[in-house]
Every structure is written in C-alpha cells, then in structure tokens.
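J.: Handing you this structure, nothing more for now.
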Amino acid sequence: MLKQIIDLLPVRVFWKDLNSNYLGCNKIFAQDAGLNTPEEVMGKNGQQFYWGEHAVRYKQVDDEVIRTGRSKLNYIEKLASENGSIHWVKTSKAPLTDSKGNIRGVLGMYQDITEKKKMEEDLKQSLGEFRLFFEQDLTGNFVSSTDGKLLNCNPAYLKIMGFKTKKEALNYDLTNLYCDKHTREHIVSKLKKNKKIVNFKYEMFRLDGSKINLVANIFGMYNQQNELEQIHGYMYDITEHNKAQNKIRQLSKAMEQSPAAIIITDKAGRIEYVNAKFTEFTGYTEEDVAGRTPAVLKSGHTSPAEYELLWQTIRKGRQWTGEFYNKRKDGTTYWESAMISPLRNSKGTITHFLAIKEDITERKKMEKELVLAKEKAEESDRLKTAFLNTMSHELRTPLNAIIGFSGLIDEQTSTKDLLTYIEYINHSGDHLLKIIESVFQFSNIEAGIEKIDRSEIRISELFSYLESLFIKEQNLRNKMHIHFSINKIQESLTIQSDPDKISQILTNLLTNALKYTERGSIELGCKTENETDIVFYVKDTGIGIPDHMLNTVFEHFRKVNETASIPTQHDGIGLGLSISKKLAELMGGRLWVQSQIEGGSTFFLKYPNVVEN
C-alpha cells in the first residue's frame, strides 16, 4: 500500500544501500532509467545506467549524506538523458535509517526543472522572453512591494491563490491572506539580511478562505543604495503533496501499530515489509525475512494443494481467507487466521500482495476444549444411560431369580427341588449384594473415604484362597474345561497391604479372565522386581481387548463388550476394573494391561514393600 502511494507521487523517488546500490524506486524513476518496472532497478548501481559517467559524482553526495547523517536538500544538478540531452533537476537526499536509527542507505527524490532552467537562461537574453516565461510558467510567480502590495503575477499564481483575474489580485490586500500575520515581516527581515530565501515554507488563505501550504524561493530587488524595493518570488502549492505525505505517515503508523501482523510481498511472494506485530507473533525481524517468502513459517500442516488454491485465488485478483498452523523462529507452533489481498497500481495491474494475520492459538485451544467438553458430556450422558440400562438389567436378573424361586417353594416342594431353589436364591442374592457393594465402594472411593487397613500377607496363602474361589466360580459358570494354573512362588514371600483389597483386585481379574475366555487357559502368578516390588499377573487366552480400549476399560461404567466385534452376552456393570485400578493406586501400586484381539490378555498389578521372612 505504501509503495502504491509512492508510485502516485509526481516526483522521482529512489532509495539506495550504503554502497549506492538501488534498493527500490517509484515507477516514474524507473521510466526515467529506461526500464518498465521498479523491480528492474533493484540491485543495480549508477554505473549500469545511461548516466554512468555521472555515477561517481552522485555517489559522492550519497557518501556525504551517509557520513554526516545530514540531508542535502533542493540542490540543482545536471542529468544526462538516455538520448544524450541534458536535463536540469532539483534533487534532495536524506539518510535512510532503520527502526533503531542506524543509517542503512540514502533516500532521494528529484524533480525535473529543465524547462524552468531553460526559461531562466532565456530570461537573461530578452525581456520579451522573460515575459513569456513569466506568463506561461506553471509555478506561481509574483512581484510585490515591501508593504505587501502585489505588483505583478502570472496566471499560475492567480490559479494557486484563487483569483479570477490579475486586476482582482492587484487590487487585493495580500496581507489579509497570510495565515500568520508576521510572515510578511519575517520575509522582509530575511531579505534585508540574506538577499534571498530558499525553500521557504508557509501557509496562506486562498480567496475562498481555504488554507494552502506553499514553498517559495524569494529574492529581493535593491536600489543603488542597496535598499530593498521589491520582492520577487516563485512558489509551489504543496498542499496535496503534504496531504500525501501525511497520509503516508498515517498509513505507516497504522501498519506499525496494528494489532494484526501485516506482510507485504512482491508478485513472486518475496517479503518486502513486515510490521512490529509480525515480529511479536513469529520472532522473525524484518531483516530475517526480507527477500524470503512466507514459506519460512511453514510447519508442514498445510498441504501443497491448499497453497496452490491460495495462489490461484490471489493471482486472479480475488481475496483469500483461511487459517495456517505455522512455526515460529524458536520452533514453537501457533494458529493464525489470514486474509491475503492483491495490491494494484494505477493501471490496475497486480504489483504486490498484502497479508493481514491474527494469532488465534488461544481461540483454537478454546474451541478444542469446547469440543472435548461437548464430547465428554455426550459420553458421560451415554455412559449414564448405559449404566442405568445395565443396572436395570443386572438388578432385575437376581431379583427375578430370588422372587421367582421363592414363589415356587410351598409345602409340596420336594427336598431336592427345595435345595436347588435355595442354591439359586443364594447365588442371586450374592450377585445382587456384589452389585450393591460395588456401587457403594465406588462412591466411597470417589468421595475419598475408602480406608486401607494394612497387615502382613503371605502370598502362598493368598493364592490358595484365590484358587478355591476361582474353582468355585469356574464350576458355577460351567467352565471346568478351562485349564487353570498358579505360578509357584516362595513360601516365605509376604507383603504389607490390605488383604481384602488385594484379594478383591485379583479376584476381579480372575473372574473377568474366566468371563471372557471360552477355551484355553488362565494363569495366576507373581514375580519380584528390583528387590522391593512384587508384580502379580493374570494371563488368559480369551477374546482380548482392542488397542483403542486398553485405557478405556479402566474407566467407570466401561466394558470390553462395548465394541461391536466382541460378544455382548457377558454380565457386569463396568465398575470392576475401575474400582480395582483406584484401589491399586490407593495402596501405592499400579494396574495395567497388555492385550490383543483374539490373542488373550495379561493384567499386571505392581505393588511395593515386599517382605521375605
């Protein structure tokens, strides 16, 4: 955008590095150089153009400005044209500094005043030619008395000041048009001392009351006694120029202080400008990325096809909006939203691309958290529904058995049937009690009131107890064909723990193994580790657990048979493994599983504080 404004200025503008190599220019300068675009000027030095024989002289001025840090303004010099003719130009050069005030080169501009120079020379030859120059010059020329009365002027002066005729201007009191009433006095005082005033800037009112900015070269005309008699001058209306300069400053300030990162690239995507917010977002300074493409920010997240669509859009002159997952200079990544638009010159040709970007990392994080919270809420709702359905089924089954078999008992019931019914009732009662106890125990654990009562446990005795329970459960489930084995251990091996809870965890693991194993074997064992820890394990050849559920099975109300590839006839409310894992952690241990579909499972319980008597 700044470059477009510079292209619209009526003067030639260029900027060079410390070695007087051109860094850039506006379009009219490139045309003066015999080239089509400013990009063709970049990187060349003066000796590569048709004015090469004057390049040394031009560089001397560059070096002086760089060395002293002072501008050299409005000096007149000769400029050879491409066809060999000589042009007169008025040139100004100033130091080009970076954001820290370090001089990085020279900023220059010049205005072709060949015609004016020629007229000034012709003026010396003939008063008639002077009059022609005076009348036709586009500069506002004027002659006035020391007291402010206008004595003569040209049409350009009338146009600048808003007079319709010279007569109207000659009869008007010019002192009323000075914005500062002391300006006239200042001009007279200066001329009496210095004979002339160069590049004098001041403000005046036009006849319609509007304010204009002027710059003038003013000369004094003196009598034989060296007394100031008349004031001659020529002036330029720089109001629009000042507005353009102010607009440039405002736009520059707006871009620098923008809360969004701004990047301007050439047509090939090479970076020419970035603002302070870009550096804040990415860690890259303007020097880091100058001449490079925004690909320096790529993290590999965006596909080549998406980039191709982006370029197709902006090259057609349309705006593109989207998001990038980019990488900062320090390697960290961030999300940004981007709006990329083409910039056109006065002929409508695309010359640059403007990207306005905003860091949306926190927003994306919040969006992700909201999605996860929504999914978690939906999952919680699903689990609650599944739990209620399961509880309804699990409670109804033993209750129906208890009520049903109780109703069958009467005076006519034989002793054999009575014993069978009582066995079913007791089994159903035990099952119902276990369900209720599991729910209460889970509630106690969640509330943090579950107690651990530690005592010495002999592992051999624990395994004997577990074996008797397993055989009983095996018989109830009619799975005596499943081979059960216990890994032999040292008789003296003991641990300090809660015997009920260790037994509960291992019983649950054995019951689950039996529940999900239809053929093969189940093994219970343990081994010491690091001389201080013991690792229990229950290994089966059952249906196995899919990879995505290896952690899920330890969540409350979750069961292996949730997946469609696993049979759903297995009972349970999905609390056994959850309670077991929490109890293991309460006692300072850890519970985990290794498994694969149709390849069986092995559950491990690691527990510290082994004691060997």
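Residues in the structure tokens are named by chain (A, B, ... in the order shown) and by number from 1 within that chain; ligands are numbered from 1 in the order shown.
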As number ranges by chain, which residues of region 234-355 of chain A does DSSP assign to strand (DSSP E or B)?
T.: A: 234-237, 261-266, 271-274, 298, 320-327, 333-344, 350-355
J.: For Val274 (chain A), work out the shell of residues within 8 Å, counting only C-alpha atoms and skipping chain neighbours fewer than 5 positions away, then give it as a JSON list (two decimals) with C-alpha atoms, in the first residue's frame.
T.:
[["chain", "number", "residue", "atom", "x", "y", "z"],
["A", 261, "ALA", "CA", 0.55, -8.93, 11.74],
["A", 262, "ILE", "CA", 0.99, -7.33, 8.29],
["A", 263, "ILE", "CA", 3.13, -8.70, 5.46],
["A", 264, "ILE", "CA", 3.65, -7.12, 2.03],
["A", 279, "THR", "CA", 7.88, -9.90, 14.79],
["A", 285, "THR", "CA", 12.54, -9.44, 12.38],
["A", 286, "GLU", "CA", 12.16, -7.63, 9.07]]
J.: What gap, in Å, lies between CA of Glu529 (chain A) and CA of Thr602 (chain A)?
T.: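 So the two atoms, CA of Glu529 (chain A) and CA of Thr602 (chain A), lie 17.3 Å apart.
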J.: Please produce, as a tab-separated table, a per-residue contact table for region 184-211 of chain A versus region 216-222 of chain A (criterion: any atom at most 9 Å away, only C-alpha atoms considered), showing the nearest atom pair and its distance in Å to one decimal, sorted by chain then residue number.
T.:
residue	atom	partner	partner_atom	distance
A:Ile187	CA	A:Ile218	CA	8.3
A:Val188	CA	A:Gly220	CA	8.5
A:Leu191	CA	A:Gly220	CA	5.9
A:Lys192	CA	A:Gly220	CA	7.8
A:Asn194	CA	A:Gly220	CA	9.0
A:Lys195	CA	A:Gly220	CA	5.5
A:Lys196	CA	A:Phe219	CA	4.4
A:Ile197	CA	A:Ile218	CA	5.1
A:Val198	CA	A:Asn217	CA	4.5
A:Asn199	CA	A:Ala216	CA	5.3
A:Phe200	CA	A:Ala216	CA	5.1
A:Lys201	CA	A:Ala216	CA	6.6
A:Tyr202	CA	A:Ala216	CA	8.4
J.: Fewer than 4 positions away in the same chain doesn't count, so skip those; otherwise give me all residues within 10 Å of Leu177 (chain A), counting only C-alpha atoms, as a list in words.
T.: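 The contact residues come out as Met161, Tyr172, Asp173, Lys181, Glu203, Met204, Phe205, Arg206, Leu207, Gly209 and Lys211 of chain A.
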J.: Suppose we keep all heavy atoms; can you now write the selection as a compact mmCIF listing (two decimals), in the first residue's frame?
T.:
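For reference, out_27.txt as written:
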# COMPACT_ATOMS: atom_id res chain seq x y z
N MET A 161 -3.85 31.04 -5.91
CA MET A 161 -4.46 31.86 -4.87
C MET A 161 -5.98 32.01 -5.02
O MET A 161 -6.64 32.53 -4.11
CB MET A 161 -3.82 33.25 -4.86
CG MET A 161 -2.33 33.24 -4.53
SD MET A 161 -1.95 32.41 -2.98
CE MET A 161 -2.85 33.42 -1.82
N TYR A 172 -6.11 43.57 -4.41
CA TYR A 172 -6.41 42.91 -3.13
C TYR A 172 -5.25 43.10 -2.16
O TYR A 172 -4.07 43.07 -2.55
CB TYR A 172 -6.65 41.40 -3.36
CG TYR A 172 -7.36 40.73 -2.22
CD1 TYR A 172 -8.75 40.70 -2.18
CD2 TYR A 172 -6.65 40.16 -1.17
CE1 TYR A 172 -9.41 40.08 -1.12
CE2 TYR A 172 -7.30 39.55 -0.12
CZ TYR A 172 -8.69 39.52 -0.10
OH TYR A 172 -9.35 38.92 0.96
N ASP A 173 -5.55 43.30 -0.92
CA ASP A 173 -4.53 43.45 0.12
C ASP A 173 -4.04 42.07 0.53
O ASP A 173 -4.70 41.33 1.26
CB ASP A 173 -5.12 44.19 1.32
CG ASP A 173 -4.07 44.48 2.39
OD1 ASP A 173 -2.90 44.08 2.19
OD2 ASP A 173 -4.42 45.09 3.42
N LYS A 181 0.16 36.54 10.57
CA LYS A 181 0.28 37.94 10.21
C LYS A 181 1.73 38.42 10.22
O LYS A 181 2.06 39.46 9.64
CB LYS A 181 -0.54 38.80 11.19
CG LYS A 181 -2.03 38.49 11.18
CD LYS A 181 -2.64 38.72 9.80
CE LYS A 181 -4.14 38.43 9.80
NZ LYS A 181 -4.73 38.60 8.45
N GLU A 203 2.07 29.21 5.13
CA GLU A 203 0.66 28.94 4.84
C GLU A 203 -0.05 30.24 4.49
O GLU A 203 0.25 31.31 5.06
CB GLU A 203 -0.03 28.30 6.05
CG GLU A 203 0.47 26.91 6.39
CD GLU A 203 -0.24 26.32 7.60
OE1 GLU A 203 -0.66 27.10 8.49
OE2 GLU A 203 -0.40 25.10 7.64
N MET A 204 -0.98 30.13 3.53
CA MET A 204 -1.80 31.28 3.15
C MET A 204 -3.24 30.82 2.95
O MET A 204 -3.51 29.62 2.78
CB MET A 204 -1.29 31.93 1.86
CG MET A 204 0.05 32.63 1.99
SD MET A 204 0.49 33.60 0.54
CE MET A 204 -0.57 35.04 0.76
N PHE A 205 -4.15 31.78 3.00
CA PHE A 205 -5.54 31.50 2.66
C PHE A 205 -5.75 31.80 1.20
O PHE A 205 -5.24 32.80 0.66
CB PHE A 205 -6.48 32.39 3.49
CG PHE A 205 -6.48 32.07 4.96
CD1 PHE A 205 -5.94 32.97 5.87
CD2 PHE A 205 -7.01 30.88 5.42
CE1 PHE A 205 -5.93 32.68 7.22
CE2 PHE A 205 -7.01 30.59 6.77
CZ PHE A 205 -6.47 31.48 7.67
N ARG A 206 -6.49 30.94 0.52
CA ARG A 206 -6.95 31.28 -0.82
C ARG A 206 -8.10 32.28 -0.69
O ARG A 206 -8.61 32.53 0.41
CB ARG A 206 -7.41 30.03 -1.57
CG ARG A 206 -6.30 29.02 -1.78
CD ARG A 206 -6.78 27.77 -2.50
NE ARG A 206 -6.83 27.99 -3.95
CZ ARG A 206 -7.92 28.06 -4.68
NH1 ARG A 206 -9.11 27.97 -4.09
NH2 ARG A 206 -7.87 28.25 -5.97
N LEU A 207 -8.50 32.82 -1.82
CA LEU A 207 -9.54 33.83 -1.79
C LEU A 207 -10.85 33.28 -1.22
O LEU A 207 -11.63 34.01 -0.61
CB LEU A 207 -9.78 34.38 -3.22
CG LEU A 207 -10.56 35.70 -3.32
CD1 LEU A 207 -9.81 36.81 -2.58
CD2 LEU A 207 -10.77 36.09 -4.79
N GLY A 209 -11.08 31.28 1.23
CA GLY A 209 -10.91 31.01 2.65
C GLY A 209 -10.24 29.69 2.99
O GLY A 209 -9.92 29.45 4.16
N LYS A 211 -7.28 26.91 3.30
CA LYS A 211 -5.87 27.07 3.64
C LYS A 211 -5.02 26.21 2.70
O LYS A 211 -5.36 25.08 2.39
CB LYS A 211 -5.64 26.64 5.09
CG LYS A 211 -4.21 26.89 5.59
CD LYS A 211 -4.02 26.35 7.01
CE LYS A 211 -4.83 27.15 8.01
NZ LYS A 211 -4.52 26.71 9.41
J.: Find, counting only C-alpha atoms, the residue in A:Arg292, A:Lys329, A:Lys90, A:Lys59 that gets nearest to Asn74 (chain A).
T.: A:Lys90
J.: Let me make sure I understand: among A:Leu605, A:Ile495, A:Val289, A:Ile457, which one has the smallest atom-to-atom distance to Leu509 (chain A) if we use only C-alpha atoms?
T.: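 Residue with the minimum atom-to-atom distance to Leu509 (chain A): A:Leu605.
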J.: Which residues are near Asn242 (chain A)? Cut-off 12 Å, only C-alpha atoms, ignore same chain within fewer than 2 positions. Put them as a PDB file with N, CA, C and O atoms, in the first residue's frame.
T.:
ATOM      1  N   LEU A   9       3.218   9.648  -6.438  1.00  0.00           N
ATOM      2  CA  LEU A   9       3.836  10.966  -6.244  1.00  0.00           C
ATOM      3  C   LEU A   9       4.358  11.505  -7.574  1.00  0.00           C
ATOM      4  O   LEU A   9       4.881  10.768  -8.405  1.00  0.00           O
ATOM      5  N   LYS A 201       8.863  27.760   3.557  1.00  0.00           N
ATOM      6  CA  LYS A 201       7.542  27.124   3.665  1.00  0.00           C
ATOM      7  C   LYS A 201       6.639  27.969   4.550  1.00  0.00           C
ATOM      8  O   LYS A 201       7.046  28.382   5.645  1.00  0.00           O
ATOM      9  N   GLU A 203       2.074  29.208   5.131  1.00  0.00           N
ATOM     10  CA  GLU A 203       0.664  28.939   4.840  1.00  0.00           C
ATOM     11  C   GLU A 203      -0.046  30.242   4.489  1.00  0.00           C
ATOM     12  O   GLU A 203       0.249  31.306   5.058  1.00  0.00           O
ATOM     13  N   ILE A 212      -3.876  26.773   2.249  1.00  0.00           N
ATOM     14  CA  ILE A 212      -2.965  26.038   1.381  1.00  0.00           C
ATOM     15  C   ILE A 212      -1.548  26.127   1.941  1.00  0.00           C
ATOM     16  O   ILE A 212      -1.202  27.069   2.655  1.00  0.00           O
ATOM     17  N   ASN A 213      -0.758  25.106   1.624  1.00  0.00           N
ATOM     18  CA  ASN A 213       0.655  25.077   2.010  1.00  0.00           C
ATOM     19  C   ASN A 213       1.507  25.457   0.814  1.00  0.00           C
ATOM     20  O   ASN A 213       1.319  24.919  -0.276  1.00  0.00           O
ATOM     21  N   LEU A 214       2.459  26.350   1.025  1.00  0.00           N
ATOM     22  CA  LEU A 214       3.289  26.844  -0.067  1.00  0.00           C
ATOM     23  C   LEU A 214       4.762  26.686   0.278  1.00  0.00           C
ATOM     24  O   LEU A 214       5.153  26.721   1.449  1.00  0.00           O
ATOM     25  N   VAL A 215       5.585  26.512  -0.755  1.00  0.00           N
ATOM     26  CA  VAL A 215       7.024  26.600  -0.613  1.00  0.00           C
ATOM     27  C   VAL A 215       7.500  27.550  -1.705  1.00  0.00           C
ATOM     28  O   VAL A 215       7.051  27.463  -2.851  1.00  0.00           O
ATOM     29  N   TYR A 236       5.295  27.227  -5.055  1.00  0.00           N
ATOM     30  CA  TYR A 236       4.600  25.990  -5.415  1.00  0.00           C
ATOM     31  C   TYR A 236       3.535  25.708  -4.370  1.00  0.00           C
ATOM     32  O   TYR A 236       3.755  25.896  -3.164  1.00  0.00           O
ATOM     33  N   ASP A 237       2.401  25.226  -4.854  1.00  0.00           N
ATOM     34  CA  ASP A 237       1.350  24.763  -3.936  1.00  0.00           C
ATOM     35  C   ASP A 237       1.659  23.313  -3.572  1.00  0.00           C
ATOM     36  O   ASP A 237       1.581  22.415  -4.411  1.00  0.00           O
ATOM     37  N   ILE A 238       2.054  23.077  -2.332  1.00  0.00           N
ATOM     38  CA  ILE A 238       2.421  21.721  -1.891  1.00  0.00           C
ATOM     39  C   ILE A 238       1.354  21.136  -0.954  1.00  0.00           C
ATOM     40  O   ILE A 238       1.633  20.216  -0.176  1.00  0.00           O
ATOM     41  N   THR A 239       0.141  21.686  -1.033  1.00  0.00           N
ATOM     42  CA  THR A 239      -0.930  21.214  -0.147  1.00  0.00           C
ATOM     43  C   THR A 239      -1.201  19.734  -0.351  1.00  0.00           C
ATOM     44  O   THR A 239      -1.247  18.942   0.614  1.00  0.00           O
ATOM     45  N   GLU A 240      -1.387  19.334  -1.619  1.00  0.00           N
ATOM     46  CA  GLU A 240      -1.675  17.929  -1.904  1.00  0.00           C
ATOM     47  C   GLU A 240      -0.482  17.044  -1.579  1.00  0.00           C
ATOM     48  O   GLU A 240      -0.636  15.908  -1.104  1.00  0.00           O
ATOM     49  N   ALA A 244      -0.460  13.984   0.947  1.00  0.00           N
ATOM     50  CA  ALA A 244       0.041  12.651   0.600  1.00  0.00           C
ATOM     51  C   ALA A 244       1.083  12.191   1.611  1.00  0.00           C
ATOM     52  O   ALA A 244       1.085  11.029   2.041  1.00  0.00           O
ATOM     53  N   GLN A 245       1.962  13.125   2.005  1.00  0.00           N
ATOM     54  CA  GLN A 245       2.979  12.786   2.997  1.00  0.00           C
ATOM     55  C   GLN A 245       2.337  12.405   4.331  1.00  0.00           C
ATOM     56  O   GLN A 245       2.743  11.448   4.984  1.00  0.00           O
ATOM     57  N   ASN A 246       1.338  13.188   4.732  1.00  0.00           N
ATOM     58  CA  ASN A 246       0.642  12.884   5.990  1.00  0.00           C
ATOM     59  C   ASN A 246      -0.060  11.536   5.916  1.00  0.00           C
ATOM     60  O   ASN A 246      -0.079  10.776   6.888  1.00  0.00           O
ATOM     61  N   LYS A 247      -0.649  11.282   4.742  1.00  0.00           N
ATOM     62  CA  LYS A 247      -1.343  10.009   4.566  1.00  0.00           C
ATOM     63  C   LYS A 247      -0.360   8.854   4.639  1.00  0.00           C
ATOM     64  O   LYS A 247      -0.635   7.814   5.254  1.00  0.00           O
ATOM     65  N   ILE A 248       0.817   9.058   4.024  1.00  0.00           N
ATOM     66  CA  ILE A 248       1.846   8.033   4.081  1.00  0.00           C
ATOM     67  C   ILE A 248       2.267   7.784   5.522  1.00  0.00           C
ATOM     68  O   ILE A 248       2.387   6.642   5.971  1.00  0.00           O
ATOM     69  N   ARG A 249       2.477   8.882   6.275  1.00  0.00           N
ATOM     70  CA  ARG A 249       2.868   8.736   7.673  1.00  0.00           C
ATOM     71  C   ARG A 249       1.778   8.043   8.491  1.00  0.00           C
ATOM     72  O   ARG A 249       2.059   7.196   9.341  1.00  0.00           O
ATOM     73  N   GLN A 250       0.519   8.425   8.225  1.00  0.00           N
ATOM     74  CA  GLN A 250      -0.593   7.826   8.957  1.00  0.00           C
ATOM     75  C   GLN A 250      -0.710   6.325   8.646  1.00  0.00           C
ATOM     76  O   GLN A 250      -0.906   5.499   9.544  1.00  0.00           O
TER      77      GLN A 250
END
J.: Do a neighbour search on Met587 (chain A) at 8 Å with only C-alpha atoms, toss out local chain neighbours closer than 4 positions, and write the hits as a VMD selection string.
T.: chain A and resid 452 497 to 498 583 607
J.: Since we have the selection now, will you write its residues out, keeping N, CA and C atoms, as a compact mmCIF listing (two decimals), in the first residue's frame?
T.:
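Heads up, here's the output in part05.txt:
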# COMPACT_ATOMS: atom_id res chain seq x y z
N ILE A 452 -7.74 -47.95 53.95
CA ILE A 452 -6.79 -49.03 53.68
C ILE A 452 -6.30 -49.56 55.02
N SER A 497 0.06 -55.09 53.16
CA SER A 497 -1.01 -54.48 52.37
C SER A 497 -2.34 -54.79 53.02
N ASP A 498 -3.42 -54.31 52.35
CA ASP A 498 -4.77 -54.59 52.79
C ASP A 498 -5.18 -55.93 52.17
N LEU A 583 -8.20 -48.81 43.67
CA LEU A 583 -7.70 -49.45 44.89
C LEU A 583 -6.20 -49.68 44.81
N TYR A 607 3.10 -53.92 43.03
CA TYR A 607 2.88 -53.44 44.39
C TYR A 607 4.22 -53.38 45.12
J.: Find the distance between CA of Gly69 (chain A) and CA of Ser92 (chain A) and write it in Å to one decimal.
T.: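 So the answer is 13.6 Å.
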J.: So how far away is CA of Ser595 (chain A) from CA of Leu466 (chain A), in Å?
T.: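 For CA of Leu466 (chain A) relative to CA of Ser595 (chain A), the distance reads 22.8 Å.
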J.: Considering only C-alpha atoms, state which residue in the set A:Lys3, A:Ile356, A:Ala305, A:Thr349 is at the smallest distance from Trp320 (chain A).
T.: A:Ile356
J.: I'd like the neighbourhood of region 545-551 of chain A as a ChimeraX atom specification, where a residue qualifies if any of its atoms comes within 7 Å (using only C-alpha atoms), though same-chain residues fewer than 6 positions away should be ignored.
T.: /A:560,593,595-597
J.: Would you please work out which residue, of A:Val11, A:Ser81, A:Ile103, A:Thr91, is nearest to Thr68 (chain A) when using only C-alpha atoms?
T.: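 Looking at the shortest contact to Thr68 (chain A), the residue is A:Ile103.
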J.: Kindly indicate which residue among A:Lys193, A:Lys376, A:Lys117, A:His301 lies nearest to Phe324 (chain A), using only C-alpha atoms for the distances.
T.: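 Under the stated criterion, the closest residue is A:His301.
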J.: Could you check which of A:Glu287, A:Glu272, A:Glu185, A:Glu598 is closest to His352 (chain A), using only C-alpha atoms?
T.: A:Glu272
